[in-house]
Every structure is written in C-alpha cells, then in structure tokens.
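Asks: Have a look at the structure that comes next, please.
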Amino acid sequence: MTENAKPKLAMYWASSCGGCEISILNIHEKILIVDEVFDIAFFPCIADFKTKDVKGYPDGYIDVCLFNGAIRNSENEEMAHLLRQKSKVLVAYGSCSYEGCIPALSNLTTKQATLDTVFLDNPTIDNPEGILPQPRYEVPEGELELPVFYNTVKSLDQVVDVDYYLPGCPPEPPQIWAVLEIVVAALLEGAPLPPKGAIVGARDVAVCEECPLEKHEKTINRFYRPYEIIPEPGLCLLEQGLVCVGPATRAGCGALCPQVGMSCRGCYGPLDDVEDQGAKMLSAIASVIGVGDPSMEEDELEREIQAVVDTIPDPAGTFYRFSMAHSLLRRANLNGGNGKGEAK
Amino acid sequence: MSEKVGVYICHCGTNIAKTVDVEEVALWAGEQDHVDVAREYKFMCSSLGQELIEEDIKEKGLTKIVVASCSPHMHEKTFRTACVRGGLNPFMFEMANIREHDSWTTDDREAATLKAKALTKAAIERVIHNQPLEPLPVEINPNTLVVGGGIAGISAALELAEAGNHVYLVEREPSIGGHMAQLDKTFPTLDCSACILTPKMVDVGQHPNITLLTYSEVEAVGGYLGNFDVTVRKKARYVDEEHCTGCGICIEKCPYKVVDNVFEAGLGARKVIYRPFPQAVPKYPVIDTENCVYFQRGKCKACQIFCPTDPNSIDFEQQDEILQIVVGNIILATGFDLFDVSQIPQYGYGRLANVFTSLEFERMVNASGPTDGKIVLRDLETPPESVVIIHCVGSRDENYHKYCSKVCCMYSLKFAHLIHERLPEAEVYNCYIDMRTPGKGYEEFYNRLLEEGTHFIRGKVAEVSDVARIEEEEGKLIVQVADTLISKQRRIPVDMVILSPAMEARNDSQEVSQLFRMGCDFDGFFVERHPKLDPVATMTEGIYIAGACQGPKDVPDTVSQGAAAAARVASFISRGTVMMEPIRASINQELCSGCRICNTMCPYNAIVFHEDSNVSEVITALCQGCGTCVAACPSGIITGAHFTNDQLLAQIEGILWDVRSNLDLVPVE
Ligand SMILES: Cc1cc2nc3c(=O)[nH]c(=O)nc-3n(C[C@H](O)[C@H](O)[C@H](O)COP(=O)(O)OP(=O)(O)OC[C@H]3O[C@@H](n4cnc5c(N)ncnc54)[C@H](O)[C@@H]3O)c2cc1C
Ligand code: SF4
Ligand code: SF4
Ligand code: SF4
C-alpha cells in the first residue's frame, strides 16, 4: 500500500447511462463515510482521473472496483481488462455490467442496423454524406482513433473474471450501502467476504415476496400496456393484465415499482435457479393465459391464445429487457441458420 | 466428480445393430469422460445382459449406469432393477433410446451411428447428475368405482365383487345393460343377447359387494391412486327405492306415452313413468319430468294414486342426492355412441322412411321390441321383399372416421341371417368395402351366410334414392353402388335399407377424460398406457379403461377387458400399499415468493396455497410428476425430482456434443 493506508475505491462506467454513478451519490450523507473510509483511486464521473493514471498503478492497487456498464466497444473491453488487473475485488455493478441491460437489446439486431438507425435513418438526423464513425481517421495533425463498435454487447463477466455482482438498474441505495458495509468490515476488520461469484445487495426470493399487493390465482385473458389501463389499487398488477416481471425477478429493491402502479421491469435479474429470466417469465405468462375451453377445436383455441399473446407488443424487449447478453439466446442469429432469414 | 459410469450398447438382435454400428459406439463411449466400462451386447434385456450390469457394478464399483437400447417404456424398469441387484439406487440409471428414436427411423448407417452417439452422450452427461430417490408408499383403499354399466362395467364389477372387494357401479341411465341390452342375437353364435346378459345384470343388482348407483353421474374426482374422492349425483327418480316393489302398476296406469329415443332407438314408445325394458336392473321406474303432466302442469298423479305400496312409493318431492365416496381405483367403462347417419345425407336417413339404422333394426328383430320381432317397413305392417345392408357407414371414410369399427361386418352378416330366417323369400344384399371377419368362429359365420344366399356386393354405396329411372324402380329405394368385382355400376331397387354406422367415442368423452384426468385420442377414445402391453391402464395411476370406450370392439373383447381391468385393480387391492415413482415436484418453501402463478397449473390439483405463510406447496401424494408447474414457476424454485435443471441442461449439452464445435459463432466484432 501507498503512504495513505486507506483502502482504494474505483468506479468506472463502460456502456451505461450514468444512472449507476448517480445511485452511489444517492446514498446521501453516507457518501461522506465512503469518502472517510476510502481513497478514490479512479472515478471519472466525479473526479478528474485519466486512464494513464490507472495504468500507472501497480497490479491489485485498487481494493474495490465498482464497474458499471456493458461491454459495447473496444474501449469498454480494454478498460475491463485494465481494471481487472489493477483491482483486488471487481464488482459488476448494475444491470448493464451484470447482464447487458438495455444496451444488449441491440443484440437482437446488427451493428450495421444500429449505426444506420443512429446516423442515417433517423428523421432528426441530417447527414447527407452518410458519414459513419470510423475507428481511424487521418487529419492534418495526425491519426485520430475511435473505439471499435462491436456487433455484440457483452456483460462484464463475458470478458473478464468477476468477483461479485450487484444487480439493479440502478441498484437501490440501501442495498449499495449494505454491500459497502460488508466490504468495509472485511477491509478494516478482516470480516469474511461473501463467496466469490455471489450476487450481493439482493435477496434470493422474487419481487412478489416484497410486493404488498394482494395476489390471487391468475388467469389472464388480455394484456395491457401501462397507458391502457389505470390499475386497481392494492391488487397484483399481473393479475390485472400488466406484464409484471416481478415473479421472475430477484427481490431486494423493495418492490418499489409495483407499489406505485408500475409493473416490475425485471432489473434485478433472474433468481438463482433460473437459467434464463426472459424464457422463465415467458413460460410463466404462457401458463396463466386463460382463454377458451376444452370443447374448442384446436385451431380455434390457438387463435384465441394468439390474440392474447398479440396484446404483448414487444416480447423480446419486455422479457429480455435486462438480461439479453446473459440469456441463453445472447443475441439474434446472424447466420440465418434457422431458415427464417437474417436478423433485421 | 468421481463418478464411474458403465455404458451398455444393445444390438437388440438386428433391430439396432442393422443400422447402428454398435461396436463403434461402444468403443467411442469408452473414451468419454467418467466412463469406466463400455460394452455392447446382443440383448441387454436378457438375463445375461442384466448380469453384465450387476457384475460390473459389484466388481468395478460403478456408480452410474447407462443403457442405450429401446424405449424406457419397454425396459427402464428391467434395467433399474438390475441396478438395484447390483447395489445401486434405481435412479442412478439412464436409458438412451437408440431404437425407436434412431435405428428404426432410417437406413443411413452413418447418420444412425452418429445419432446413437449423441443420444448416448446425452445419457452419460445426464446420469452424472442423477440423484438417488426413494419410492413413495401409498395405501390403497380397497373400494373400487366402476363408471358405466354396460357389459364392460358389469364384467369388471362382478369380477371384483366375487373376489370379495366392494364396488360402486355408477350408471347414467335408469338401468344397467348398455348397448348389449338392446341387441337381439349376438354373433357369431346367435345366442339371445338378453338371455346371456340379464343373469349378469341380476347378479350385479343383488351382489352384497356392489353398491349400484343408476341414474347417477360422477360430478367430481379428487385424490390419487389409492385414495380418490368421488362426488356422485344420484338423480331423483321420484320413486322411493326403499318401498317400491317394482310391480309396474304405475307404468301400466300412466296415461301418457312418448317416443323412446334411447332404448327403442326411436322405433317404439314408452310411458312417461318407465323402466327402459322389462328386465331392467334395478327394477324401480323413473319419472321423465320433461314429459310428465304432473311436473309440467300440476295435474294427473295417476302413478301415485295407483301405487299399491304403503307408504306410497311415488315421491314427487324427491331431490337429487349428492354422495361422497372414497375409492382406491377407478375403472371407466362408458362405452360408445353410434355415428349419426344423418351426417351422410346421400344415404337418405330421416328423409327416406325405409332407411333404418342398425340399432333400429336390432330393436325391430328383438322379440320384446316394438314390433315383437317382426321385420317390417316404417308403416310397421309390410314386410320387405328385399333389403340392402350397407357396411362401413361413417367408418373407413376420410370424411368421418378413418378407423374400422370392427363389429359392423359381423352384425351386418347377423342381420342378413336374421332376415333369411324370418323372411325366407326376401332378397338380401350386403354392400361392403372389405369383409372383415377375424375372430373365433367369425369367418365360419361368413361362409354360412354365403351359403344362405345373401348377395354380396363389394363396393361403397354412392347413394340411396327414391327417384326411379325404370319401372321396376318405382316405389322402391334405389341403392347405387359400384360393384368392384364386376367393375359395374349397379342400381339395386329394394324395399328396405339398413345402415351399419360406425361405433364412435361418446360425445362427452373429452369432458369425462378431463374429469378423470386421463387422455383421449384424436377420435375421442380413451388412451391406454400401452397399445399392446398395457391396454387397460391409463397414463393416470389408479384409472383403468375397459370396453368400447377404449375403441370399437365386440362383446367378447369387451368382457375380456372388463375382467383384465378388474384383475389389475385386484392386484393393487391385495397388495394393500404400492410404491409409487418418486418423480414428483416440490416447492422450496423458503424461496417461494407466493406469486401464485403455479396455483392454477396442476392438472391433478396437487398445489395448495397457504394464505398464512404466503407460500405454495405441492402435495406429494397428489403430484403425478407431469412437470407443468416446474416450467411455470418464474422463480425456478419448483424442482421436478429426476428432472432437475442440472440434469436437463447436461443432457442437452450431451446431445449437442458435436454441434458446439461446428457452430459458426457470431464474431464479437
Ligand atoms: C347394432 C349393433 C349390434 C351389435 N351386435 C353385436 C353382436 O352381435 N355381438 C357382439 O359381440 N357385439 C355386438 N355389438 C357390439 C357391442 O354392442 C359392444 O361390444 C358392447 O356393447 C360394448 O360394451 P360397453 O360396456 O363397452 O359399452 P356400452 O354398451 O355402450 O355401455 C356403456 C354404459 O356406460 C353408460 N355410461 C356412459 N357414459 C357414462 C357416464 N359418463 N357415467 C355413467 N355411465 C355412463 C352408458 O349408459 C352404458 O350403459 C353390436 C353393436 C351394435 C352397435
Ligand atoms: S404486482 Fe408484480 S411484483 Fe407484485 S405480486 Fe404481482 S406480479 Fe408480483
Ligand atoms: S409436477 Fe406440478 S403440475 Fe405436475 S402434477 Fe406435480 S404438482 Fe402438479
Ligand atoms: S410459481 Fe413459484 S414462486 Fe410463485 S407461488 Fe408457485 S412456487 Fe411460489
């Protein structure tokens, strides 16, 4: 350790929205304790550090690195490797870094299609020459370099070894604080750390456990988008036809969303025994669709069920909103291997 | 993991070895991780094959066994037992089906060998994750429910009752007997149907071990093998069974008659208070409230006035009774319906008076039927001079039922014989597609008819009409048929046409199968557990099927099935307890969020929700291990024993062993 004996804390953003940094600040006055306990070694959002500073640290210099954001381009990946090398404990902080989150929804399409949408086809874009970002560009002053934009978004643990996962989009302040307390106790008093690979700052039951809304047996005969109904207060939203991913999502958030009438989006990710959150929720939803009756002909029944399913406009985006990179699917097949053509 | 897996590849004689290179598969299997021994053998299911497994377990200390052979339906039990003899838990075994799923599906040796490897690899990967499980003991309630009192149900009930077991026989109609009670003679021996049936009906009615519940229906079924809770609705007869002597004076005195569409197939009439037929069991009449003048208009009461018993046995206030019974096993014997011939309008039924159905004809030739056994036209007077009997009406026909109804050829021959017997001058034609007479004495019966002078025309009848083209056809029914043996279209003018309709599943078979939580096939017949080796069991433990509800069949086959189902049940009863497969679901009570997604899932109602602790639970004894809830639980905390995530994912990895390396993985960039 250096002259200063305080443990070193880093926080970095890869492909993310910045909400995770805000969530840290959201622990309010406790941030002062963080400041008291830790030395900030790298935290581009709030303090002026350069990558070269980090490169200059000895390996393992940083005690805890909270890494948020997905791996979307070559810079994200380089930073992941660098911070892994320089950190004793690397935490995948927040949904993007844990399982890909919103950026990973672009795995349903191609890099080309994403660039086209952003730089060419968007009605608010004025780009008559069709200029797209280039990794290298010659200017009179020399060569400019941009990170390479990848086809596939990955979670942090798909590029480097990760010690802990702290889920949430973003993680909730009480949970962040609880995790920091454990880390502090470990660093200062030698208390035991959770086993490597643990999901920290969350529970091992589903959101419904924390959700106070009243639950009944479920049979759903159509789904609603949030603007389409005003849910009856006090009653489970899923039962009312709002696609609530709470039953397939790890608790820890305190079920904040359903309590204010907004169904759970699933940001805390799947539970321990679930391989694929999207598929699991889809299978749960499919199980409670309650239309038709046994006397119906099969095709008639199929039509009725299809009509219900059609009331969910964006199933991939709904069920895999946070977990695409980490799911069994990971991305759309670009090779057209299923005979149904290429990804759009 | 220090597992030692033994892998055995079966030749199944040439069934597998003909298309799969079993030596190659065995050699390859021997090189897979965790595999300690890999062998191939001619017949793994033989005692020598099983001994191989036993000895290897004992000598080499194998911990897991894989046999790649036929379907688990055939021999899973055999090999599990071999594992047990070797000293392993039976669930430390996994079977790969390289016969039905592989060698029988192709002649391509290379492809079949590759697939055999994939299936074997899947079993190896899975078996490593298999966990020991202990069977669940279940006590068997010695009472049995038989549903349906046709000859199938009667046979089953008597068989069980004779062996000293109590039986509840539930019949929907006012009397037992089913279709057989409507028949006149039975082929091929021509014994009088009633003469052989009624003694059995009487036995049922009087048997101390049989509780006969006629005019009753099962409304709900809960529970499981050994302990079914059954709710039966006993409909009000408006006749007090305790005091009624069955004298029949009420029937005689009732001033109103209606057409009897059930027992007399619409050909005869019955009173409004009635017994379906004189030998009905039980003997108590029933009031048909829809037609009863007292029930409709509040006047009459003739039956009550004339009833000689004291107290009076007519009870207009009688209510339906709901009975709760507990039984260990259930036999379904709900029989068949006759195909509705008006669906084939070109045969003219309903439009052309002298077109009859087979059942109408059975009633007509029956000595106690509406014409006292006389064969006459619809005017109930004129005997026909010529008759055509049309086979396969609605059977073996793409548009209706593809299957053969099995009994129609034989009863059509029976009809021809009865016409020759009663109207020796009449010309009789049988129009058939193929003559199907397999069965003891059946072909002989056909030969007899050939000698009796029946005209046999091989061809499907196109149409029955009353539009005459020539003088001889005037006033006749003209049967247009392509006689395929002489390659000629023929028009046969006759007085009477008898249609032999298909036997089809009961129109409510779907609902009944759901009530009893077992399956129906595409045609609506109940599905047996195995078409050859387990024809009277169903996929639901404790539920058996017998008779025509399983598929078209004649009386001898029906009786055999009734007895077979009874024997299956009796063996359970005498065992007292049975060990059931421990493949059940369980909910981790610590981790259940109480979301209640699973609550409506279980087809066996095995899931309960505890309001107090806010968690769901699977009642192990009710669970049949179907896995529905396991798939539904969004928390992934319902575990299907022997079908865990680990096991299934390992199996998938295994089956894709050679695919992963070929995968054109999308480049990162
Ligand atoms: C015209 C004709 C002639 C035939 N001639 C011969 C012949 O000569 N020889 C021969 O061997 N076979 C003959 N057969 C075949 C014979 O009728 C059947 O093999 C036999 O009747 C089948 O008996 P079963 O008990 O399975 O069904 P069924 O006789 O149909 O009896 C089923 C019983 O179950 C009752 N039931 C139905 N559903 C329920 C319910 N949900 N709850 C309670 N009760 C219910 C019904 O009321 C009925 O009493 C003939 C068939 C027909 C149509
Ligand atoms: S609203 Fe959502 S989180 Fe709440 S109980 Fe219903 S499904 Fe669960
Ligand atoms: S596996 Fe689940 S759904 Fe199936 S029988 Fe058992 S409890 Fe019911
Ligand atoms: S679906 Fe799963 S989490 Fe929900 S109530 Fe059932 S067992 Fe509990």
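We name chains A, B, ... following the order of the structure tokens; residues begin at 1 in each chain, and ligands are numbered from 1 as shown.
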Extract, using only C-alpha atoms, all DNA, RNA and protein residues at most 10 Å from range 226-236 of chain A, discarding same-chain residues fewer than 6 positions from it, and format them as a PyMOL selection string.
Replies: (chain A and resi 208+211-216+218+242-244+258-263) or (chain B and resi 595)
Asks: Compile the residues of chain B that lie within 7 Å of chain A, evaluated using only C-alpha atoms, and express the compilation as a compact mmCIF listing (two decimals) with N, CA and C atoms, in the first residue's frame.
Replies:
# COMPACT_ATOMS: atom_id res chain seq x y z
N LEU B 591 -38.02 -20.26 -0.46
CA LEU B 591 -37.80 -19.34 -1.57
C LEU B 591 -39.05 -18.97 -2.34
N CYS B 592 -40.18 -19.59 -2.01
CA CYS B 592 -41.41 -19.27 -2.74
C CYS B 592 -41.83 -17.85 -2.42
N SER B 593 -42.09 -17.06 -3.46
CA SER B 593 -42.47 -15.66 -3.24
C SER B 593 -43.97 -15.51 -3.08
N GLY B 594 -44.70 -16.60 -3.25
CA GLY B 594 -46.15 -16.52 -3.15
C GLY B 594 -46.78 -15.79 -4.31
N CYS B 595 -46.13 -15.83 -5.47
CA CYS B 595 -46.68 -15.09 -6.63
C CYS B 595 -47.96 -15.73 -7.15
N ARG B 596 -48.13 -17.00 -6.87
CA ARG B 596 -49.35 -17.75 -7.18
C ARG B 596 -49.54 -18.08 -8.66
N ILE B 597 -48.44 -17.95 -9.42
CA ILE B 597 -48.52 -18.34 -10.83
C ILE B 597 -48.87 -19.82 -10.94
N ASN B 599 -50.52 -21.71 -9.02
CA ASN B 599 -51.71 -22.20 -8.33
C ASN B 599 -52.78 -22.83 -9.21
N THR B 600 -52.90 -22.37 -10.44
CA THR B 600 -53.94 -22.94 -11.30
C THR B 600 -53.37 -23.97 -12.27
N ALA B 631 -42.18 -25.91 -14.98
CA ALA B 631 -41.91 -24.99 -16.09
C ALA B 631 -42.50 -23.61 -15.79
N ALA B 632 -43.63 -23.59 -15.09
CA ALA B 632 -44.32 -22.32 -14.90
C ALA B 632 -43.67 -21.44 -13.84
N CYS B 633 -43.09 -22.01 -12.80
CA CYS B 633 -42.61 -21.19 -11.68
C CYS B 633 -41.53 -20.21 -12.14
N PRO B 634 -41.84 -18.93 -12.12
CA PRO B 634 -40.88 -17.96 -12.64
C PRO B 634 -39.67 -17.78 -11.74
N SER B 635 -39.77 -18.27 -10.50
CA SER B 635 -38.62 -18.19 -9.61
C SER B 635 -37.72 -19.40 -9.77
N GLY B 636 -38.17 -20.38 -10.52
CA GLY B 636 -37.37 -21.57 -10.72
C GLY B 636 -37.15 -22.36 -9.44
N ILE B 637 -38.11 -22.26 -8.51
CA ILE B 637 -37.87 -22.93 -7.24
C ILE B 637 -38.77 -24.15 -7.05
N VAL B 666 -21.07 -16.19 -33.79
CA VAL B 666 -21.02 -14.82 -34.30
C VAL B 666 -19.76 -14.14 -33.78
N VAL B 668 -17.28 -11.44 -32.31
CA VAL B 668 -17.56 -10.40 -31.33
C VAL B 668 -17.75 -9.06 -32.02
N GLU B 669 -16.92 -8.85 -33.00
CA GLU B 669 -16.97 -7.53 -33.61
C GLU B 669 -18.15 -7.32 -34.53
Asks: Would you kindly return, as a PyMOL selection string, each protein, DNA or RNA residue with an atom no farther than 12 Å from any atom of Val618 in chain B, considering only C-alpha atoms and excluding same-chain residues fewer than 4 positions away?
Replies: chain B and resi 584-589+592+598-599+601-602+604-610+622-625+627+629-630+637-640
Asks: As a ChimeraX atom specification, list the residues of range 241-346 of chain B assigned to helix (DSSP H, G or I) by DSSP on the backbone atoms of this structure.
Replies: /B:249-253,293-297,302-306,341-343,345-346
Asks: Neighbouring residues of ligand 1 are defined here as those with any atom at most 6 Å from a ligand atom, counting only C-alpha atoms and all ligand atoms; list them as a PDB file with C-alpha atoms, in the first residue's frame.
Replies:
ATOM      1  CA  VAL B 147     -68.278 -45.947 -14.261  1.00  0.00           C
ATOM      2  CA  GLY B 148     -70.676 -47.266 -16.887  1.00  0.00           C
ATOM      3  CA  GLY B 149     -72.879 -50.323 -16.518  1.00  0.00           C
ATOM      4  CA  GLY B 150     -72.612 -51.828 -19.996  1.00  0.00           C
ATOM      5  CA  ILE B 151     -71.223 -55.313 -20.367  1.00  0.00           C
ATOM      6  CA  ALA B 152     -67.717 -53.966 -19.744  1.00  0.00           C
ATOM      7  CA  GLY B 153     -68.621 -52.345 -16.431  1.00  0.00           C
ATOM      8  CA  VAL B 170     -72.292 -45.741 -11.397  1.00  0.00           C
ATOM      9  CA  GLU B 171     -74.575 -45.818 -14.443  1.00  0.00           C
ATOM     10  CA  ARG B 172     -76.031 -42.772 -16.129  1.00  0.00           C
ATOM     11  CA  GLU B 173     -79.225 -44.414 -17.420  1.00  0.00           C
ATOM     12  CA  ILE B 176     -77.543 -51.087 -16.408  1.00  0.00           C
ATOM     13  CA  GLY B 177     -77.052 -53.177 -19.540  1.00  0.00           C
ATOM     14  CA  GLY B 178     -75.718 -50.673 -22.047  1.00  0.00           C
ATOM     15  CA  HIS B 179     -75.950 -51.392 -25.749  1.00  0.00           C
ATOM     16  CA  MET B 180     -75.920 -55.120 -25.277  1.00  0.00           C
ATOM     17  CA  LYS B 185     -78.975 -62.049 -31.063  1.00  0.00           C
ATOM     18  CA  THR B 186     -75.223 -61.870 -30.776  1.00  0.00           C
ATOM     19  CA  PHE B 187     -72.863 -63.021 -33.447  1.00  0.00           C
ATOM     20  CA  GLU B 217     -73.257 -39.443 -12.661  1.00  0.00           C
ATOM     21  CA  ALA B 333     -66.415 -48.394 -18.978  1.00  0.00           C
ATOM     22  CA  THR B 334     -68.526 -45.711 -20.595  1.00  0.00           C
ATOM     23  CA  GLY B 335     -68.901 -47.430 -23.949  1.00  0.00           C
ATOM     24  CA  PHE B 336     -69.639 -45.866 -27.308  1.00  0.00           C
ATOM     25  CA  SER B 358     -78.606 -50.901 -37.276  1.00  0.00           C
ATOM     26  CA  LEU B 359     -79.828 -50.152 -33.798  1.00  0.00           C
ATOM     27  CA  TYR B 411     -73.501 -57.678 -37.188  1.00  0.00           C
ATOM     28  CA  GLY B 547     -64.707 -51.927 -23.339  1.00  0.00           C
ATOM     29  CA  ALA B 548     -65.788 -49.760 -26.225  1.00  0.00           C
ATOM     30  CA  CYS B 549     -64.737 -46.513 -24.534  1.00  0.00           C
ATOM     31  CA  LYS B 553     -64.872 -53.814 -30.035  1.00  0.00           C
ATOM     32  CA  ASP B 554     -67.331 -56.667 -29.792  1.00  0.00           C
ATOM     33  CA  VAL B 555     -68.757 -58.281 -26.693  1.00  0.00           C
ATOM     34  CA  PRO B 556     -66.078 -60.976 -26.166  1.00  0.00           C
ATOM     35  CA  THR B 558     -65.223 -56.076 -24.073  1.00  0.00           C
TER      36      THR B 558
END
Asks: Among range 78-307 of chain A, which residues does DSSP mark as strand (DSSP E) when it is run on the backbone? Keep the chain and numbering as in the structure and answer as number ranges by chain.
Replies: A: 87-93, 136-139, 142-145, 149-154, 164-166
Asks: Write the residues you've just listed into a file as a short mmCIF file (atom, residue, chain, number, x, y, z; two decimals), in the first residue's frame, and include C-alpha atoms for each of them.
Replies:
data_model
loop_
_atom_site.label_atom_id
_atom_site.label_comp_id
_atom_site.auth_asym_id
_atom_site.auth_seq_id
_atom_site.Cartn_x
_atom_site.Cartn_y
_atom_site.Cartn_z
CA SER A 87 -8.24 -4.41 -8.70
CA LYS A 88 -8.34 -6.89 -5.85
CA VAL A 89 -12.13 -7.09 -5.94
CA LEU A 90 -14.02 -6.41 -9.16
CA VAL A 91 -17.76 -5.89 -8.78
CA ALA A 92 -20.13 -5.97 -11.77
CA TYR A 93 -22.22 -3.06 -10.61
CA ARG A 136 -9.23 5.54 -37.60
CA TYR A 137 -9.25 8.88 -39.31
CA GLU A 138 -6.46 10.89 -40.86
CA VAL A 139 -6.40 14.61 -40.10
CA GLY A 142 -2.15 13.04 -37.40
CA GLU A 143 -4.32 9.94 -36.97
CA LEU A 144 -7.42 10.03 -34.78
CA GLU A 145 -8.68 6.90 -33.16
CA PHE A 149 -18.07 -0.57 -32.11
CA TYR A 150 -18.86 -4.26 -31.56
CA ASN A 151 -21.59 -6.32 -33.10
CA THR A 152 -22.47 -7.99 -29.84
CA VAL A 153 -22.89 -6.41 -26.43
CA LYS A 154 -21.44 -8.47 -23.60
CA TYR A 164 -19.32 -10.09 -7.23
CA TYR A 165 -22.48 -8.92 -8.89
CA LEU A 166 -24.58 -6.07 -7.60
#
Asks: When you count only C-alpha atoms, which of these residues is closest to Glu59 in chain B: B:Asp36, B:Ile498, B:Ile210, B:Ser71?
Replies: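 Of the candidates, the smallest distance to Glu59 in chain B is held by B:Asp36.
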Asks: I'd like the neighbourhood of range 528-543 of chain B as number ranges by chain, where a residue qualifies if any of its atoms comes within 7 Å (using only C-alpha atoms), though same-chain residues fewer than 4 positions away should be ignored.
Replies: B: 225-226, 329-331, 518, 561, 565
Asks: For the selection just defined, write its residues with C-alpha atoms to a file, as a compact mmCIF listing (two decimals), in the first residue's frame.
Replies:
# COMPACT_ATOMS: atom_id res chain seq x y z
CA LEU B 225 -54.23 -43.78 -6.77
CA GLY B 226 -55.29 -45.45 -3.57
CA ASN B 329 -59.11 -47.36 -8.08
CA ILE B 330 -61.45 -46.38 -10.89
CA ILE B 331 -62.48 -48.32 -13.96
CA MET B 518 -56.58 -39.04 -18.33
CA GLN B 561 -61.10 -56.06 -20.95
CA ALA B 565 -59.11 -54.15 -15.61
